[in-house]
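For reference, my_file-v2.pdb is printed below; it contains PDB, C-alpha atoms.
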```
ATOM      1  CA  PHE A   1       4.206   0.302 -14.869  1.00  0.00           C
ATOM      2  CA  THR A   2       2.596   3.732 -15.192  1.00  0.00           C
ATOM      3  CA  GLY A   3       5.655   5.855 -14.507  1.00  0.00           C
ATOM      4  CA  GLN A   4       4.086   7.779 -11.618  1.00  0.00           C
ATOM      5  CA  MET A   5       6.152   8.416  -8.484  1.00  0.00           C
ATOM      6  CA  SER A   6       4.151   8.251  -5.265  1.00  0.00           C
ATOM      7  CA  LEU A   7       5.804   9.271  -2.019  1.00  0.00           C
ATOM      8  CA  ALA A   8       2.701   8.456   0.026  1.00  0.00           C
ATOM      9  CA  GLN A   9       3.185   4.715   0.148  1.00  0.00           C
ATOM     10  CA  ALA A  10       4.138   4.725   3.839  1.00  0.00           C
ATOM     11  CA  ALA A  11       0.778   6.395   4.538  1.00  0.00           C
ATOM     12  CA  PHE A  12      -1.139   3.565   2.836  1.00  0.00           C
ATOM     13  CA  PHE A  13       1.113   1.077   4.640  1.00  0.00           C
ATOM     14  CA  GLY A  14       0.298   2.796   7.939  1.00  0.00           C
ATOM     15  CA  LEU A  15      -3.398   3.033   7.133  1.00  0.00           C
ATOM     16  CA  GLY A  16      -3.598  -0.726   6.625  1.00  0.00           C
ATOM     17  CA  ALA A  17      -1.642  -1.342   9.819  1.00  0.00           C
ATOM     18  CA  TYR A  18      -3.768   0.974  11.964  1.00  0.00           C
ATOM     19  CA  VAL A  19      -7.108  -0.263  10.636  1.00  0.00           C
ATOM     20  CA  LEU A  20      -6.012  -3.857  11.305  1.00  0.00           C
ATOM     21  CA  GLY A  21      -4.597  -3.004  14.727  1.00  0.00           C
ATOM     22  CA  LEU A  22      -7.507  -0.872  15.916  1.00  0.00           C
ATOM     23  CA  GLY A  23     -10.058  -3.177  14.312  1.00  0.00           C
ATOM     24  CA  THR A  24      -8.854  -6.207  16.245  1.00  0.00           C
ATOM     25  CA  THR A  25      -8.108  -4.461  19.556  1.00  0.00           C
ATOM     26  CA  SER A  26     -10.676  -1.653  19.853  1.00  0.00           C
ATOM     27  CA  TRP A  27     -13.482  -2.103  17.328  1.00  0.00           C
ATOM     28  CA  GLY A  28     -14.452  -5.703  18.062  1.00  0.00           C
ATOM     29  CA  LEU A  29     -13.621  -7.067  14.611  1.00  0.00           C
ATOM     30  CA  SER A  30     -12.191 -10.474  13.856  1.00  0.00           C
ATOM     31  CA  TRP A  31      -8.774 -10.561  12.179  1.00  0.00           C
ATOM     32  CA  TRP A  32     -10.253 -11.289   8.759  1.00  0.00           C
ATOM     33  CA  GLN A  33     -12.915  -8.572   9.105  1.00  0.00           C
ATOM     34  CA  ALA A  34     -10.233  -6.071  10.104  1.00  0.00           C
ATOM     35  CA  PHE A  35      -8.038  -7.214   7.214  1.00  0.00           C
ATOM     36  CA  GLY A  36     -10.908  -6.654   4.777  1.00  0.00           C
ATOM     37  CA  ALA A  37     -11.509  -3.208   6.265  1.00  0.00           C
ATOM     38  CA  ALA A  38      -7.787  -2.354   6.028  1.00  0.00           C
ATOM     39  CA  THR A  39      -7.702  -3.316   2.353  1.00  0.00           C
ATOM     40  CA  THR A  40     -10.932  -1.484   1.529  1.00  0.00           C
ATOM     41  CA  ILE A  41     -10.014   1.737   3.355  1.00  0.00           C
ATOM     42  CA  SER A  42      -6.529   1.765   1.785  1.00  0.00           C
ATOM     43  CA  ALA A  43      -8.125   1.381  -1.657  1.00  0.00           C
ATOM     44  CA  ALA A  44     -10.598   4.183  -0.930  1.00  0.00           C
ATOM     45  CA  ALA A  45      -7.817   6.497   0.259  1.00  0.00           C
ATOM     46  CA  GLY A  46      -5.786   5.671  -2.849  1.00  0.00           C
ATOM     47  CA  LEU A  47      -8.783   6.352  -5.080  1.00  0.00           C
ATOM     48  CA  LEU A  48      -9.529   9.691  -3.400  1.00  0.00           C
ATOM     49  CA  LEU A  49      -5.915  10.845  -3.522  1.00  0.00           C
ATOM     50  CA  GLY A  50      -5.447   9.549  -7.067  1.00  0.00           C
ATOM     51  CA  ILE A  51      -8.535  11.245  -8.495  1.00  0.00           C
ATOM     52  CA  THR A  52      -7.624  14.572  -6.925  1.00  0.00           C
ATOM     53  CA  THR A  53      -3.890  14.644  -7.698  1.00  0.00           C
ATOM     54  CA  LEU A  54      -2.941  12.487 -10.688  1.00  0.00           C
ATOM     55  CA  ARG A  55      -3.784  15.188 -13.242  1.00  0.00           C
ATOM     56  CA  LEU A  56      -0.819  17.095 -11.835  1.00  0.00           C
ATOM     57  CA  GLY A  57       1.952  14.586 -12.585  1.00  0.00           C
ATOM     58  CA  GLY A  58       5.703  14.975 -12.269  1.00  0.00           C
ATOM     59  CA  HIS A  59       7.150  17.043  -9.441  1.00  0.00           C
ATOM     60  CA  TYR A  60       3.725  18.334  -8.436  1.00  0.00           C
ATOM     61  CA  LEU A  61       2.471  14.791  -7.827  1.00  0.00           C
ATOM     62  CA  ALA A  62       5.559  14.034  -5.746  1.00  0.00           C
ATOM     63  CA  MET A  63       4.985  17.173  -3.661  1.00  0.00           C
ATOM     64  CA  VAL A  64       1.310  16.380  -3.021  1.00  0.00           C
ATOM     65  CA  THR A  65       2.009  12.769  -2.049  1.00  0.00           C
ATOM     66  CA  ILE A  66       4.797  13.914   0.289  1.00  0.00           C
ATOM     67  CA  SER A  67       2.307  16.288   1.922  1.00  0.00           C
ATOM     68  CA  PHE A  68      -0.289  13.523   2.272  1.00  0.00           C
ATOM     69  CA  GLY A  69       2.255  11.267   3.985  1.00  0.00           C
ATOM     70  CA  ILE A  70       3.350  14.007   6.385  1.00  0.00           C
ATOM     71  CA  ILE A  71      -0.262  14.909   7.261  1.00  0.00           C
ATOM     72  CA  PHE A  72      -1.040  11.239   7.913  1.00  0.00           C
ATOM     73  CA  SER A  73       1.972  10.960  10.213  1.00  0.00           C
ATOM     74  CA  LEU A  74       0.890  14.085  12.143  1.00  0.00           C
ATOM     75  CA  ILE A  75      -2.618  12.661  12.564  1.00  0.00           C
ATOM     76  CA  LEU A  76      -1.194   9.443  14.012  1.00  0.00           C
ATOM     77  CA  PHE A  77       0.668  11.454  16.647  1.00  0.00           C
ATOM     78  CA  SER A  78      -2.022  13.999  17.488  1.00  0.00           C
ATOM     79  CA  ALA A  79      -5.378  12.192  17.169  1.00  0.00           C
ATOM     80  CA  SER A  80      -4.904  10.234  20.388  1.00  0.00           C
ATOM     81  CA  GLY A  81      -8.605   9.499  20.766  1.00  0.00           C
ATOM     82  CA  LEU A  82      -8.579   7.551  17.521  1.00  0.00           C
ATOM     83  CA  THR A  83      -5.015   6.347  17.016  1.00  0.00           C
ATOM     84  CA  LYS A  84      -3.817   6.223  20.679  1.00  0.00           C
ATOM     85  CA  GLY A  85      -1.172   8.781  19.718  1.00  0.00           C
ATOM     86  CA  PRO A  86       2.503   8.226  20.594  1.00  0.00           C
ATOM     87  CA  ASP A  87       1.580   5.196  22.759  1.00  0.00           C
ATOM     88  CA  GLY A  88       0.689   3.217  19.652  1.00  0.00           C
ATOM     89  CA  VAL A  89      -1.490   0.123  19.409  1.00  0.00           C
ATOM     90  CA  SER A  90      -0.412  -3.028  21.231  1.00  0.00           C
ATOM     91  CA  GLY A  91      -1.730  -6.549  21.673  1.00  0.00           C
ATOM     92  CA  ILE A  92      -2.590  -7.037  17.992  1.00  0.00           C
ATOM     93  CA  PRO A  93      -3.560 -10.707  17.547  1.00  0.00           C
ATOM     94  CA  ARG A  94      -2.511 -13.183  14.892  1.00  0.00           C
ATOM     95  CA  ALA A  95      -4.930 -14.600  12.356  1.00  0.00           C
ATOM     96  CA  THR A  96      -6.570 -18.010  12.516  1.00  0.00           C
ATOM     97  CA  VAL A  97      -6.790 -19.973   9.248  1.00  0.00           C
ATOM     98  CA  PHE A  98      -9.140 -22.981   9.045  1.00  0.00           C
ATOM     99  CA  GLY A  99      -9.020 -23.217  12.815  1.00  0.00           C
ATOM    100  CA  LEU A 100      -5.215 -23.144  12.932  1.00  0.00           C
ATOM    101  CA  SER A 101      -3.539 -20.353  14.904  1.00  0.00           C
ATOM    102  CA  LEU A 102      -0.611 -18.499  13.356  1.00  0.00           C
ATOM    103  CA  GLU A 103       1.004 -17.667  16.700  1.00  0.00           C
ATOM    104  CA  SER A 104       4.317 -19.306  15.800  1.00  0.00           C
ATOM    105  CA  GLN A 105       6.792 -17.214  13.826  1.00  0.00           C
ATOM    106  CA  ALA A 106       7.275 -19.960  11.237  1.00  0.00           C
ATOM    107  CA  ALA A 107       3.530 -20.285  10.570  1.00  0.00           C
ATOM    108  CA  PHE A 108       3.129 -16.527  10.227  1.00  0.00           C
ATOM    109  CA  ALA A 109       6.140 -16.293   7.912  1.00  0.00           C
ATOM    110  CA  ILE A 110       4.582 -18.883   5.594  1.00  0.00           C
ATOM    111  CA  PHE A 111       1.259 -17.008   5.766  1.00  0.00           C
ATOM    112  CA  SER A 112       2.972 -13.744   4.785  1.00  0.00           C
ATOM    113  CA  LEU A 113       4.935 -15.398   1.982  1.00  0.00           C
ATOM    114  CA  LEU A 114       1.678 -16.651   0.460  1.00  0.00           C
ATOM    115  CA  PHE A 115       0.523 -13.034   0.178  1.00  0.00           C
ATOM    116  CA  LEU A 116       3.862 -12.078  -1.369  1.00  0.00           C
ATOM    117  CA  TYR A 117       3.671 -14.869  -3.962  1.00  0.00           C
ATOM    118  CA  ALA A 118       0.054 -13.933  -4.760  1.00  0.00           C
ATOM    119  CA  ALA A 119       1.069 -10.291  -5.263  1.00  0.00           C
ATOM    120  CA  ILE A 120       3.962 -11.265  -7.544  1.00  0.00           C
ATOM    121  CA  ALA A 121       1.736 -13.572  -9.594  1.00  0.00           C
ATOM    122  CA  GLY A 122      -1.006 -10.941  -9.821  1.00  0.00           C
ATOM    123  CA  ILE A 123       1.373  -8.238 -11.036  1.00  0.00           C
ATOM    124  CA  TYR A 124       2.968 -10.590 -13.577  1.00  0.00           C
ATOM    125  CA  TRP A 125      -0.534 -11.371 -14.859  1.00  0.00           C
ATOM    126  CA  LEU A 126      -1.501  -7.679 -14.904  1.00  0.00           C
ATOM    127  CA  ARG A 127       1.504  -6.705 -17.011  1.00  0.00           C
ATOM    128  CA  ASP A 128       0.179  -8.257 -20.229  1.00  0.00           C
ATOM    129  CA  THR A 129      -3.525  -7.558 -19.775  1.00  0.00           C
ATOM    130  CA  THR A 130      -5.243  -4.714 -21.628  1.00  0.00           C
ATOM    131  CA  LEU A 131      -4.968  -2.597 -18.489  1.00  0.00           C
ATOM    132  CA  GLY A 132      -1.296  -3.470 -18.014  1.00  0.00           C
ATOM    133  CA  ARG A 133      -0.469  -2.536 -21.597  1.00  0.00           C
ATOM    134  CA  ALA A 134      -2.359   0.736 -21.152  1.00  0.00           C
ATOM    135  CA  MET A 135      -0.316   1.483 -18.021  1.00  0.00           C
ATOM    136  CA  ARG A 136       2.956   0.858 -19.838  1.00  0.00           C
ATOM    137  CA  ALA A 137       1.797   2.969 -22.784  1.00  0.00           C
ATOM    138  CA  VAL A 138       1.137   5.860 -20.383  1.00  0.00           C
ATOM    139  CA  ARG A 139       4.616   5.455 -18.934  1.00  0.00           C
ATOM    140  CA  ASP A 140       6.336   5.389 -22.327  1.00  0.00           C
ATOM    141  CA  ASP A 141       4.428   8.238 -23.983  1.00  0.00           C
ATOM    142  CA  GLU A 142       1.279   9.576 -22.358  1.00  0.00           C
ATOM    143  CA  LEU A 143       0.350  11.868 -25.263  1.00  0.00           C
ATOM    144  CA  ALA A 144       0.658   9.089 -27.842  1.00  0.00           C
ATOM    145  CA  ALA A 145      -1.347   6.729 -25.611  1.00  0.00           C
ATOM    146  CA  ASP A 146      -4.091   9.345 -25.293  1.00  0.00           C
ATOM    147  CA  VAL A 147      -4.187   9.864 -29.073  1.00  0.00           C
ATOM    148  CA  VAL A 148      -4.734   6.151 -29.773  1.00  0.00           C
ATOM    149  CA  GLY A 149      -7.632   5.972 -27.320  1.00  0.00           C
ATOM    150  CA  VAL A 150      -6.084   4.882 -24.020  1.00  0.00           C
ATOM    151  CA  ASN A 151      -7.865   6.297 -20.977  1.00  0.00           C
ATOM    152  CA  THR A 152      -4.614   7.653 -19.541  1.00  0.00           C
ATOM    153  CA  PHE A 153      -6.135   9.218 -16.425  1.00  0.00           C
ATOM    154  CA  GLY A 154      -8.088   6.047 -15.630  1.00  0.00           C
ATOM    155  CA  ALA A 155      -4.984   3.900 -16.031  1.00  0.00           C
ATOM    156  CA  LYS A 156      -3.036   6.142 -13.660  1.00  0.00           C
ATOM    157  CA  VAL A 157      -5.806   6.131 -11.040  1.00  0.00           C
ATOM    158  CA  ILE A 158      -6.167   2.341 -11.150  1.00  0.00           C
ATOM    159  CA  SER A 159      -2.411   1.972 -10.869  1.00  0.00           C
ATOM    160  CA  PHE A 160      -2.382   4.287  -7.853  1.00  0.00           C
ATOM    161  CA  VAL A 161      -5.240   2.383  -6.191  1.00  0.00           C
ATOM    162  CA  LEU A 162      -3.521  -0.974  -6.732  1.00  0.00           C
ATOM    163  CA  GLY A 163      -0.378   0.431  -5.143  1.00  0.00           C
ATOM    164  CA  ALA A 164      -2.436   1.647  -2.175  1.00  0.00           C
ATOM    165  CA  VAL A 165      -4.076  -1.779  -1.785  1.00  0.00           C
ATOM    166  CA  LEU A 166      -0.710  -3.545  -1.777  1.00  0.00           C
ATOM    167  CA  GLY A 167       0.523  -1.003   0.772  1.00  0.00           C
ATOM    168  CA  GLY A 168      -2.522  -1.617   2.967  1.00  0.00           C
ATOM    169  CA  ILE A 169      -2.071  -5.388   2.819  1.00  0.00           C
ATOM    170  CA  GLY A 170       1.598  -5.015   3.717  1.00  0.00           C
ATOM    171  CA  GLY A 171       0.708  -2.755   6.641  1.00  0.00           C
ATOM    172  CA  ALA A 172      -1.884  -5.201   7.953  1.00  0.00           C
ATOM    173  CA  LEU A 173       0.658  -8.035   7.867  1.00  0.00           C
ATOM    174  CA  PHE A 174       3.290  -5.779   9.469  1.00  0.00           C
ATOM    175  CA  ALA A 175       0.954  -4.931  12.363  1.00  0.00           C
ATOM    176  CA  THR A 176       0.074  -8.589  12.833  1.00  0.00           C
ATOM    177  CA  GLY A 177       3.673  -9.748  12.732  1.00  0.00           C
ATOM    178  CA  TYR A 178       4.971  -7.294  15.349  1.00  0.00           C
ATOM    179  CA  SER A 179       1.781  -7.135  17.504  1.00  0.00           C
ATOM    180  CA  PHE A 180       2.562  -3.446  18.091  1.00  0.00           C
ATOM    181  CA  ILE A 181       2.544  -0.351  15.894  1.00  0.00           C
ATOM    182  CA  GLY A 182       3.296   3.302  16.568  1.00  0.00           C
ATOM    183  CA  PRO A 183       3.420   6.539  14.553  1.00  0.00           C
ATOM    184  CA  GLU A 184       7.207   6.307  14.202  1.00  0.00           C
ATOM    185  CA  ASP A 185       6.767   3.188  12.045  1.00  0.00           C
ATOM    186  CA  PHE A 186       5.100   5.123   9.198  1.00  0.00           C
ATOM    187  CA  THR A 187       7.161   8.197   8.418  1.00  0.00           C
ATOM    188  CA  PHE A 188       8.223   9.876   5.187  1.00  0.00           C
ATOM    189  CA  LEU A 189      11.546   8.025   5.506  1.00  0.00           C
ATOM    190  CA  GLN A 190       9.725   4.750   4.886  1.00  0.00           C
ATOM    191  CA  SER A 191       8.263   6.066   1.639  1.00  0.00           C
ATOM    192  CA  THR A 192      11.723   7.025   0.415  1.00  0.00           C
ATOM    193  CA  GLU A 193      13.037   3.582   1.379  1.00  0.00           C
ATOM    194  CA  MET A 194      10.269   1.938  -0.672  1.00  0.00           C
ATOM    195  CA  ILE A 195      11.057   4.109  -3.702  1.00  0.00           C
ATOM    196  CA  THR A 196      14.754   3.303  -3.277  1.00  0.00           C
ATOM    197  CA  MET A 197      14.014  -0.438  -3.246  1.00  0.00           C
ATOM    198  CA  VAL A 198      12.137  -0.161  -6.528  1.00  0.00           C
ATOM    199  CA  VAL A 199      14.731   2.060  -8.208  1.00  0.00           C
ATOM    200  CA  ILE A 200      17.688  -0.115  -7.173  1.00  0.00           C
ATOM    201  CA  GLY A 201      15.824  -3.317  -8.050  1.00  0.00           C
ATOM    202  CA  GLY A 202      14.769  -1.902 -11.416  1.00  0.00           C
ATOM    203  CA  THR A 203      11.561  -0.032 -12.160  1.00  0.00           C
ATOM    204  CA  GLY A 204       9.269  -2.024 -14.397  1.00  0.00           C
ATOM    205  CA  TYR A 205      10.586  -5.383 -13.144  1.00  0.00           C
ATOM    206  CA  VAL A 206       8.200  -7.252 -10.905  1.00  0.00           C
ATOM    207  CA  LEU A 207      10.969  -8.915  -8.895  1.00  0.00           C
ATOM    208  CA  GLY A 208      13.000  -5.703  -8.621  1.00  0.00           C
ATOM    209  CA  GLY A 209      11.430  -4.651  -5.330  1.00  0.00           C
ATOM    210  CA  VAL A 210      11.724  -8.158  -3.917  1.00  0.00           C
TER     211      VAL A 210
END
```
Entire entry expressed as structure tokens:
Amino acid sequence: FTGQMSLAQAAFFGLGAYVLGLGTTSWGLSWWQAFGAATTISAAAGLLLGITTLRLGGHYLAMVTISFGIIFSLILFSASGLTKGPDGVSGIPRATVFGLSLESQAAFAIFSLLFLYAAIAGIYWLRDTTLGRAMRAVRDDELAADVVGVNTFGAKVISFVLGAVLGGIGGALFATGYSFIGPEDFTFLQSTEMITMVVIGGTGYVLGGV
């Protein structure tokens, strides 16, 4: 909606996955506690990166987000004490909902689809809110939006944070679904694949990525 190209989405995806995986296997958190932590930390990372880089815009923003993704990938490989390095994180458990285990593939698929439908509905709703209109105004003509009183920087930061949150949620579900994650799952190539999905599907269309 805001016309900003982020090439760090795989990093937010990986951040959500690793917080969920490490939270449930090493930090003594329940699945839902780890999921909340994954979402919160992804949002915080998106906010920090957004505040410090979104004034750049254009090619400069793309370059900085590429760098962030590459640095994140290097940390996953090298910080073995925290991330378990190339060995990855294994034995990630499935969630329990109202006492029901999601161990079966069918149950987990339905669980994941509920998140997908909620994300689609939320973004459809966002599109025509005051914030959504501000985002689209920034995309269409940032200078004109600024002149008529739109907080263009704020709209871009919020957009970036929402993207990071969705990435973190996706990563948490990815880690849960496969029960194993490693650094090779969250490379720059994944960010380019995500951008490609959006571009081919149609930027600005909620169902384009789907």
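Here the question is which of A:Gly209, A:Gly69, A:Gly204, A:Gly81 gets nearest to Leu189 (chain A) using only C-alpha atoms, and that residue is A:Gly69.
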- request: Identify all residues satisfying the PyMOL selection byres ((chain A and resi 172) around 12) in the given file; provide them as a ChimeraX atom specification.
  value: /A:12-24,31-42,92-95,112,115,165-171,173-181
task: Fewer than 3 positions away in the same chain doesn't count, so skip those; otherwise give me all residues within 10 Å of Leu131 (chain A), counting all atoms listed in the file, as a PyMOL selection string.
output: chain A and resi 126-128+134-137+150-151+154-155+158-159
statement: Nearest to Gly46 (chain A), restricted to all atoms listed in the file and choosing among A:Gln9, A:Ser73, A:Ser78, A:Ser30, comes out as A:Gln9
query: So how many Å separate CA of Val161 (chain A) and CA of Tyr117 (chain A), to one decimal?
result: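 A separation of 19.5 Å between them.
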message: Please list as a ChimeraX atom specification every residue within 9 Å of Thr192 (chain A), counting all atoms listed in the file and excluding residues in the same chain fewer than 4 positions away.
response: /A:7,9-10,188,196-197
Just write the chosen residues, C-alpha atoms, as an mmCIF file, keeping the file's coordinate frame.
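out-v3.cif written:
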```cif
data_model
loop_
_atom_site.group_PDB
_atom_site.id
_atom_site.type_symbol
_atom_site.label_atom_id
_atom_site.label_comp_id
_atom_site.auth_asym_id
_atom_site.auth_seq_id
_atom_site.Cartn_x
_atom_site.Cartn_y
_atom_site.Cartn_z
ATOM 1 C CA LEU A 7 5.804 9.271 -2.019
ATOM 2 C CA GLN A 9 3.185 4.715 0.148
ATOM 3 C CA ALA A 10 4.138 4.725 3.839
ATOM 4 C CA PHE A 188 8.223 9.876 5.187
ATOM 5 C CA THR A 196 14.754 3.303 -3.277
ATOM 6 C CA MET A 197 14.014 -0.438 -3.246
#
```
- prompt: How many Å separate CA of Tyr205 (chain A) from CA of Arg133 (chain A)?
  reply: 14.2 Å
- prompt: Looking at all atoms listed in the file, which of A:Ala145, A:Ile120, A:Val89, A:Ala106 is the one that sits closest to Thr25 (chain A)?
  reply: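 Of A:Ala145, A:Ile120, A:Val89, A:Ala106, the one nearest Thr25 (chain A), counting all atoms listed in the file, is A:Val89.
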task: Determine the nearest neighbour of Thr187 (chain A) from the options A:Leu29, A:Leu47, A:Met63, A:Ile75, counting only C-alpha atoms.
output: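 For Thr187 (chain A), the nearest of the given residues is A:Ile75.
Across A:Gly3, A:Gly201, A:Gly85, A:Gly163, the tightest approach to Arg139 (chain A) is made by A:Gly3 when counting all atoms listed in the file.
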- request: Record the distance separating CA of Ile66 (chain A) and CA of Ala144 (chain A), expressed in Å with one decimal.
  value: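 The value is 28.8 Å.
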field: Non-local contacts of Leu143 (chain A) (9 Å; only C-alpha atoms; under 5 positions in same chain excluded) as a list of chain:residue names
entry: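 Residues near the query, excluding close chain neighbours: A:Val138, A:Val148, A:Thr152.
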Go ahead and write the residues just picked, C-alpha atoms, as a PDB file, in the frame of the given file.
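Below you can see selection-v1.pdb, which holds the result:
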```pdb
ATOM      1  CA  VAL A 138       1.137   5.860 -20.383  1.00  0.00           C
ATOM      2  CA  VAL A 148      -4.734   6.151 -29.773  1.00  0.00           C
ATOM      3  CA  THR A 152      -4.614   7.653 -19.541  1.00  0.00           C
TER       4      THR A 152
END
```
query: Contacts of Val64 (chain A) at 9 Å or less, counting all atoms listed in the file, minus same-chain residues fewer than 3 places along, as a VMD selection string?
result: chain A and resid 6 to 8 53 59 to 61 67 to 69
query: Which one is closest to Leu74 (chain A): A:Ala11, A:Leu100, A:Val157, A:Met5? Count all atoms listed in the file.
result: A:Ala11
With 6 Å on each side, where is the centre of the axis-aligned box around all listed atoms of region 113-117 of chain A, and how long are its edges in Å to one decimal, as AutoDock Vina command-line options?
```
--center_x 2.7 --center_y -14.4 --center_z -1.0 --size_x 16.4 --size_y 16.6 --size_z 17.9
```
